[in-house]
Amino acid sequence: MSKPVRFERVLIANRGEIALRIQRACRKLGLETVAVHSEADAESRHVREADVALCIGPPAAARSYLDPDGLLLAAKLTGATAIHPGYGFLSENADFADAVEAAGLTFIGPTGASIRMMGDKITAKRAMRDAGVPCVPGSDGPLPADMEEVHALAREIGFPVIVKASGGGGGRGMRVVQTPDELTQAVTLTAKEAQQAFGNPTLYLERFMQKPRHVEIQVLCDTHGTALWLGARDCSLQRRHQKVLEEAPAPGIEPDTIARIGERCAEACRRIGYRGAGTFEFLYEDGVFAFIEMNTRVQVEHPITEETTGIDIVAEQLRIAQGEALHIRQQDIRQNGHAIECRLNAEDAATFFPSPGTITRWDLPGGPGIRVDTHVVSGYTVQPYYDSLIGKIISHGATRAEAIARLRVALAEMRVEGVSTNIPLHQDLLADPQFQQGGVDIHYLERWLAERT
Ligand code: ADP
């Protein structure tokens with residue numbers, strides 16, 4: 001690993017709300033910012049407020065935000081000596097992290113080697129199992145070419161199973177198989193899709209868990225051997241394996257149970273020499289945690305952990321990348337109250353079709369315990385080229401009930417005109433008695449949606 005070098009100017013290789021979030025953290029620490037943007041994002045808020053802004057290409061992400069050479073050239077032209085990748089785009093691209101460091105710049109994230117290890121879910125699971133982190137039972141390696149052997153493996157694991165792509169991400173590249181006669185076709189189809197989407201047809205099998213919750217642990221690690229866990233988030237409300245609403249801490253799970261798995265994660269980080277922010281994702285069922293994957297970047301839902309712990313995760317990423325030692329101690333990290341985040345998407349609340357267009361009215365909520373992370377202003381045009389996230393409403397309260405109440409008031413205060421949003425969906429969810437009780441499983445939202453239609 002290259003020695004950390006102090007930097008003064010950071011290139012933010014992203015767009016949207018996370019670009020603005022990173023810019024704020026840079027400014028707080030007195031760092032200058034370089035905004036890079038596609039032609040479609042020239043009017044974006046973080047572009048206007050950056051110290052330097054540079055257009056890096058046409059709207060298509062492949063020719064702008066996903067172009068490593070363009071980003072490195074932009075850093076050179078603007079004198080930025082560090083690159084923050086945000087989430088999505090090149091944030092978990094090990095070759096990009098290596099290229100940044102090879103160019104003598106600082107990649108604000110883990111080493112390319114760590115990203116590579118975690119980017120392949122099979123090697124990630126192996127490494128975690130070796131480090132003492134409990135994993136979802138499965139094939140413990142790539143599927144053999146011989147279908148007879150695959151069938152034998154699946155029988156051993158027990159149906160239903162889930163076929164997953166080792167290089168998969170974003171909720172894609174997986175298929176549930178209920179009975180043996182569906183297995184061969186599922187494997188063939190998923191391999192084909194995985195090759196197309198991720199350039200890697202390697203598959204593995206896991207037991208398909210029937211009613212788990214998605215519970216994840218946030219970690220922060222410096223380059224001096226300190227690894228901390230910052231508590232758990234519950235991200236069980238998902239549609240098509242994509243998170244919709246998240247909360248911290250995970251309701252109904254004993255703090256001691258979280259502490260035990262948190263410590264396992266921190267220990268695994270020390271073992272593999274992990275640096276920066278990261279998230280261990282688990283399925284949690286019947287009191288047992290089972291690792292599914294690690295994300296080696298800041299996550300969309302990081303603010304709920306910031307609200308409950310008071311730790312500025314993005315600022316810590318920047319400090320760690322500068323070679324600073326973490327000044328926080330594990331015993332000082334508190335879980336203060338409860339936080340919930342709604343992801344606001346420009347999409348139809350019932351059909352989920354994207355709803356690009358110009359936002360003509362954008363009135364934000366406020367008051368105690370309400371935080372809004374968004375790049376949108378009135379007059380902003382939601383582009384069809386990128387994901388539909390237009391902001392995040394985050395509430396914090398002394399109790400879960402207070403966080404829910406504050407969030408409901410906030411959503412009722414919001415006025416958005418010009419595009420459709422999923423605000424009505426969030427309002428209905430927050431009013432749902434089962435959600436209010438807490439602890440619903442990962443299939444709950446889809447069942448609930450199916451019952452409504
Ligand atoms: P991705 O990298 O695409 O996000 P993950 O492995 O993190 O994929 O899985 C995403 C979601 O898919 C999980 O949060 C969960 O809802 C579901 N899932 C994944 N593995 C299993 C499993 N073994 N059993 C049941 N659901 C699963």
# chains A, B, ... in the order shown; residues from 1 in each chain; ligands from 1
call {"tool": "select_by_dssp", "arguments": {"residues": "segment 166-414 of chain A", "states": "helix (DSSP H, G or I)", "output": "ChimeraX atom specification"}}
result
/A:180-198,255-272,302-309,313-321,330-332,400-413
call {"tool": "residues_near_ligand", "arguments": {"ligand": "ligand 1", "cutoff": "8 Å", "atoms": "only C-alpha atoms and all ligand atoms", "output": "number ranges by chain"}}
result
A: 121, 136-137, 161-162, 164, 168-174, 206-214, 235-236, 238, 240-243, 281-283, 292-294, 442-443
call {"tool": "closest_atom_pairs", "arguments": {"of": "segment 73-134 of chain A", "to": "segment 15-32 of chain A", "cutoff": "12 Å", "atoms": "only C-alpha atoms", "output": "JSON lines"}}
result
{"residue": "A:Thr78", "atom": "CA", "partner": "A:Glu32", "partner_atom": "CA", "distance": 10.8}
{"residue": "A:Gly79", "atom": "CA", "partner": "A:Glu32", "partner_atom": "CA", "distance": 10.4}
{"residue": "A:Ala80", "atom": "CA", "partner": "A:Glu32", "partner_atom": "CA", "distance": 8.6}
{"residue": "A:Thr81", "atom": "CA", "partner": "A:Glu32", "partner_atom": "CA", "distance": 10.6}
{"residue": "A:Ala82", "atom": "CA", "partner": "A:Leu31", "partner_atom": "CA", "distance": 10.5}
{"residue": "A:Ile83", "atom": "CA", "partner": "A:Ile22", "partner_atom": "CA", "distance": 10.8}
{"residue": "A:His84", "atom": "CA", "partner": "A:Ile22", "partner_atom": "CA", "distance": 7.8}
{"residue": "A:Pro85", "atom": "CA", "partner": "A:Ala19", "partner_atom": "CA", "distance": 8.9}
{"residue": "A:Gly86", "atom": "CA", "partner": "A:Ile18", "partner_atom": "CA", "distance": 6.3}
{"residue": "A:Tyr87", "atom": "CA", "partner": "A:Ile18", "partner_atom": "CA", "distance": 7.5}
{"residue": "A:Gly88", "atom": "CA", "partner": "A:Arg15", "partner_atom": "CA", "distance": 10.0}
{"residue": "A:Phe89", "atom": "CA", "partner": "A:Arg15", "partner_atom": "CA", "distance": 9.6}
{"residue": "A:Leu90", "atom": "CA", "partner": "A:Arg15", "partner_atom": "CA", "distance": 11.9}
{"residue": "A:Ser91", "atom": "CA", "partner": "A:Ile18", "partner_atom": "CA", "distance": 11.9}
{"residue": "A:Ile108", "atom": "CA", "partner": "A:Ile22", "partner_atom": "CA", "distance": 11.0}
call {"tool": "residues_around", "arguments": {"residues": "Lys125 of chain A", "least_positions_apart": "6", "cutoff": "12 Å", "atoms": "only C-alpha atoms", "output": "count of residues only"}}
result
28
call {"tool": "atom_distance", "arguments": {"atom1": "atom CA of Leu429 of chain A", "atom2": "atom CA of Ile311 of chain A"}}
result
28.2 Å
call {"tool": "closest_residue", "arguments": {"among": "A:Ile328, A:Leu237, A:Ala321, A:Ala124", "to": "Glu341 of chain A", "atoms": "only C-alpha atoms"}}
result
A:Leu237
call {"tool": "closest_residue", "arguments": {"among": "A:Gly276, A:Gly369, A:Gly379, A:Pro180", "to": "Ser44 of chain A", "atoms": "only C-alpha atoms"}}
result
A:Gly379
call {"tool": "residues_around", "arguments": {"residues": "segment 253-255 of chain A", "least_positions_apart": "3", "cutoff": "10 Å", "atoms": "only C-alpha atoms", "output": "list in words"}}
result
Val215, Gly231, Ala232, Pro249, Ala250, Ile258, Ala259, Arg260, Tyr284, Gly287, Gln335 and Gly439 of chain A
call {"tool": "write_last_selection", "arguments": {"atoms": "C-alpha atoms", "output": "PDB file, in the first residue's frame"}}
result
ATOM      1  CA  VAL A 215     -28.984  -6.072   8.553  1.00  0.00           C
ATOM      2  CA  GLY A 231     -23.618  -0.019  14.600  1.00  0.00           C
ATOM      3  CA  ALA A 232     -26.212  -1.702  12.443  1.00  0.00           C
ATOM      4  CA  PRO A 249     -30.419   0.708  14.694  1.00  0.00           C
ATOM      5  CA  ALA A 250     -32.072  -2.540  13.549  1.00  0.00           C
ATOM      6  CA  ILE A 258     -25.007  -6.357  17.350  1.00  0.00           C
ATOM      7  CA  ALA A 259     -21.828  -5.761  19.331  1.00  0.00           C
ATOM      8  CA  ARG A 260     -20.725  -9.367  18.852  1.00  0.00           C
ATOM      9  CA  TYR A 284     -30.469 -12.111   9.790  1.00  0.00           C
ATOM     10  CA  GLY A 287     -31.172 -14.700  15.782  1.00  0.00           C
ATOM     11  CA  GLN A 335     -26.269   4.666  19.472  1.00  0.00           C
ATOM     12  CA  GLY A 439     -38.547  -6.060  12.091  1.00  0.00           C
TER      13      GLY A 439
END
